[in-house]
Number of protein chains: 2
Amino acid sequence: MPKKEHIINVAIELFSEKGFEATSIRELAAKADVNVAMVNYYFGSKDKLFEAIVERKASYMKGKLEELASNKELTEIQKMDVLIENYVDRLLSQPNYHRLIHQELLVKQRVTLQDNIVKIFSGNTLIVKSIIESGIKKKLFKKVDPELTMASIIGTINQVMLSKSMCLMLIQKDENFDPYTDVAFRKRLETHLKQMIHSYLLINN
Amino acid sequence: MPKKEHIINVAIELFSEKGFEATSIRELAAKADVNVAMVNYYFGSKDKLFEAIVERKASYMKGKLEELASNKELTEIQKMDVLIENYVDRLLSQPNYHRLIHQELLVKQRVTLQDNIVKIFSGNTLIVKSIIESGIKKKLFKKVDPELTMASIIGTINQVMLSKSMCLMLIQKDENFDPYTDVAFRKRLETHLKQMIHSYLLINN
DNA sequence: AAAAATTAATTAAACGTTTGTTTAATTCAA
DNA sequence: TTGAATTAAACAAACGTTTAATTAATTTTT
């Protein structure tokens, strides 16, 4: 693996575990087994390393969602199901990266970086909104709040994903259990979300 | 106001805005208009100041929830409505404090402090679970996932509360709009949650 | 009630570390 | 031989914390 990418991966791990500010470049360099100067050599600064991380991983979801929205074969509720599957899969398979993103959203440092993140999410939200509004127009869906429906889907996943200890408490498992790799838990989360969204959205159920 | 409490309030503001690690004691002392040594004089260390913040504000919700659970006059769905109102009110009225708590949950520093936070939430979760399970037993509620239902309620509120810029993007308002003090937005959030939980939980609707 | 003694609160300065970053020299690869 | 990659060392700045001295408040003694 290229050394630059290797540093990014170790940085995601450390930043998401300990926080951006709490992780020193020396610690990062030690864990990545490179010289301290290499980080600034490749990225210029610690802040720019953070930006590189966000930019490299961003806007993967957008393509999937655009494809989904323009799909003519699926009904609106089927699209919502696929959307839930995609988000659950995406968020649970990269918990560290998403923790890092949310860390950055939580604090008000590095404003332009935060704006970038919001912009990425913004596009996704509009697509989901269009699907829900299409369902409402066809009188398949109730007249719900599209934006907050989106917030409920993402928020539910985030709630179990952003803190492992909180998730373990919620589902009453011990520390050895890893909810993010457990397929049964993933299915459980998907099922809950689909059922909830179905009963909330669908007029006939 | 007692100086010790004043420091705590300024600390909540700064920590939640910039992050715990990114806030220096010198900056905190300057904003609180006290000498740098006063923080360690009152709290011993920066870490213990954080603990003091968590402990001082913790477990307010517990009393309200216990009272609600043991209430004999309300039906289960009415209890869920009150619960939603309480959570929306509580979380939106102290956004800074809750951001700080979630910041701590997000990173894996200060393990014992995180355990304390989880313990507080744990009690609340059990109470909510008991209400939902009671509703299921009485055949008022569908056989839902109680834990993840709780995650959806809290997660939805957190989704709009943890990042103001994300919230503004979601509801399409400009920067001057403050969603956390706006009563209309609060009502909107309450309505969405109640409608969603009603259609998810209730058998007859 | 006044004076003295004791404790608490507050201060500026200094402490030793650690931080992100840079430098200048060296090794490696093309 | 030229440019990129890598290194150890050094840089200044900022960090959390402590010290020792001073002021303010409280308690005790006269």
# chains A, B, ... in the order shown; residues from 1 in each chain; ligands from 1
>>> select_by_dssp(residues="chain A", states="alpha helix (DSSP H)", output="ChimeraX atom specification")
/A:3-18,25-32,36-43,46-57,61-69,76-93,95-106,111-137,146-161,164-171,183-201
>>> closest_atom_pairs(of="chain A", to="chain D", cutoff="12 Å", atoms="only C-alpha atoms (C1' of nucleotides)", output="tab-separated table")
residue	atom	partner	partner_atom	distance
A:Lys3	CA	D:DA5	C1'	10.9
A:Lys4	CA	D:DA5	C1'	11.9
A:Val34	CA	D:DT6	C1'	8.9
A:Asn35	CA	D:DT7	C1'	7.2
A:Val36	CA	D:DT7	C1'	9.4
A:Ala37	CA	D:DT7	C1'	8.5
A:Met38	CA	D:DT6	C1'	7.7
A:Val39	CA	D:DT6	C1'	11.5
A:Tyr41	CA	D:DA5	C1'	9.4
A:Tyr42	CA	D:DA5	C1'	10.4
>>> write_last_selection(atoms="N, CA, C and O atoms", output="PDB file, in the first residue's frame")
ATOM      1  N   LYS A   3       2.496   4.664   0.880  1.00  0.00           N
ATOM      2  CA  LYS A   3       2.717   5.166   2.241  1.00  0.00           C
ATOM      3  C   LYS A   3       1.744   6.292   2.611  1.00  0.00           C
ATOM      4  O   LYS A   3       1.281   6.394   3.740  1.00  0.00           O
ATOM      5  N   LYS A   4       1.413   7.111   1.615  1.00  0.00           N
ATOM      6  CA  LYS A   4       0.496   8.225   1.868  1.00  0.00           C
ATOM      7  C   LYS A   4      -0.873   7.708   2.303  1.00  0.00           C
ATOM      8  O   LYS A   4      -1.470   8.197   3.256  1.00  0.00           O
ATOM      9  N   VAL A  34       6.223   5.561  10.481  1.00  0.00           N
ATOM     10  CA  VAL A  34       6.936   6.491   9.599  1.00  0.00           C
ATOM     11  C   VAL A  34       7.550   7.603  10.452  1.00  0.00           C
ATOM     12  O   VAL A  34       7.196   7.777  11.612  1.00  0.00           O
ATOM     13  N   ASN A  35       8.438   8.343   9.866  1.00  0.00           N
ATOM     14  CA  ASN A  35       9.050   9.465  10.576  1.00  0.00           C
ATOM     15  C   ASN A  35       8.033  10.600  10.745  1.00  0.00           C
ATOM     16  O   ASN A  35       7.149  10.795   9.907  1.00  0.00           O
ATOM     17  N   VAL A  36       8.179  11.329  11.868  1.00  0.00           N
ATOM     18  CA  VAL A  36       7.234  12.426  12.159  1.00  0.00           C
ATOM     19  C   VAL A  36       7.163  13.432  11.023  1.00  0.00           C
ATOM     20  O   VAL A  36       6.102  13.997  10.748  1.00  0.00           O
ATOM     21  N   ALA A  37       8.269  13.655  10.369  1.00  0.00           N
ATOM     22  CA  ALA A  37       8.306  14.678   9.318  1.00  0.00           C
ATOM     23  C   ALA A  37       7.530  14.262   8.073  1.00  0.00           C
ATOM     24  O   ALA A  37       7.158  15.103   7.255  1.00  0.00           O
ATOM     25  N   MET A  38       7.278  12.966   7.943  1.00  0.00           N
ATOM     26  CA  MET A  38       6.608  12.477   6.733  1.00  0.00           C
ATOM     27  C   MET A  38       5.179  12.980   6.603  1.00  0.00           C
ATOM     28  O   MET A  38       4.678  13.212   5.499  1.00  0.00           O
ATOM     29  N   VAL A  39       4.514  13.158   7.725  1.00  0.00           N
ATOM     30  CA  VAL A  39       3.123  13.621   7.691  1.00  0.00           C
ATOM     31  C   VAL A  39       3.040  15.012   7.068  1.00  0.00           C
ATOM     32  O   VAL A  39       2.250  15.247   6.144  1.00  0.00           O
ATOM     33  N   TYR A  41       5.372  16.304   5.304  1.00  0.00           N
ATOM     34  CA  TYR A  41       5.940  16.213   3.962  1.00  0.00           C
ATOM     35  C   TYR A  41       4.859  15.869   2.937  1.00  0.00           C
ATOM     36  O   TYR A  41       4.786  16.463   1.869  1.00  0.00           O
ATOM     37  N   TYR A  42       3.991  14.956   3.297  1.00  0.00           N
ATOM     38  CA  TYR A  42       2.942  14.529   2.365  1.00  0.00           C
ATOM     39  C   TYR A  42       1.749  15.479   2.357  1.00  0.00           C
ATOM     40  O   TYR A  42       1.197  15.783   1.306  1.00  0.00           O
TER      41      TYR A  42
END
>>> interface_residues(of="chain B", to="chain A", cutoff="8 Å", atoms="only C-alpha atoms", output="number ranges by chain")
B: 16-19, 21-22, 99, 103, 105-109, 115, 118, 122, 125, 144-145, 147-149, 151-160, 162-163, 165-166, 169-171, 189, 192, 195-197, 199-200
>>> interface_residues(of="chain C", to="chain B", cutoff="12 Å", atoms="only C-alpha atoms (C1' of nucleotides)", output="list in words")
DA8, DA9, DT10, DT11, DA12, DA13 and DT19 of chain C
>>> closest_residue(among="A:Asn124, A:Asn40, A:Asp89, A:Val54", to="C:DT22", atoms="only C-alpha atoms (C1' of nucleotides)")
A:Asn40
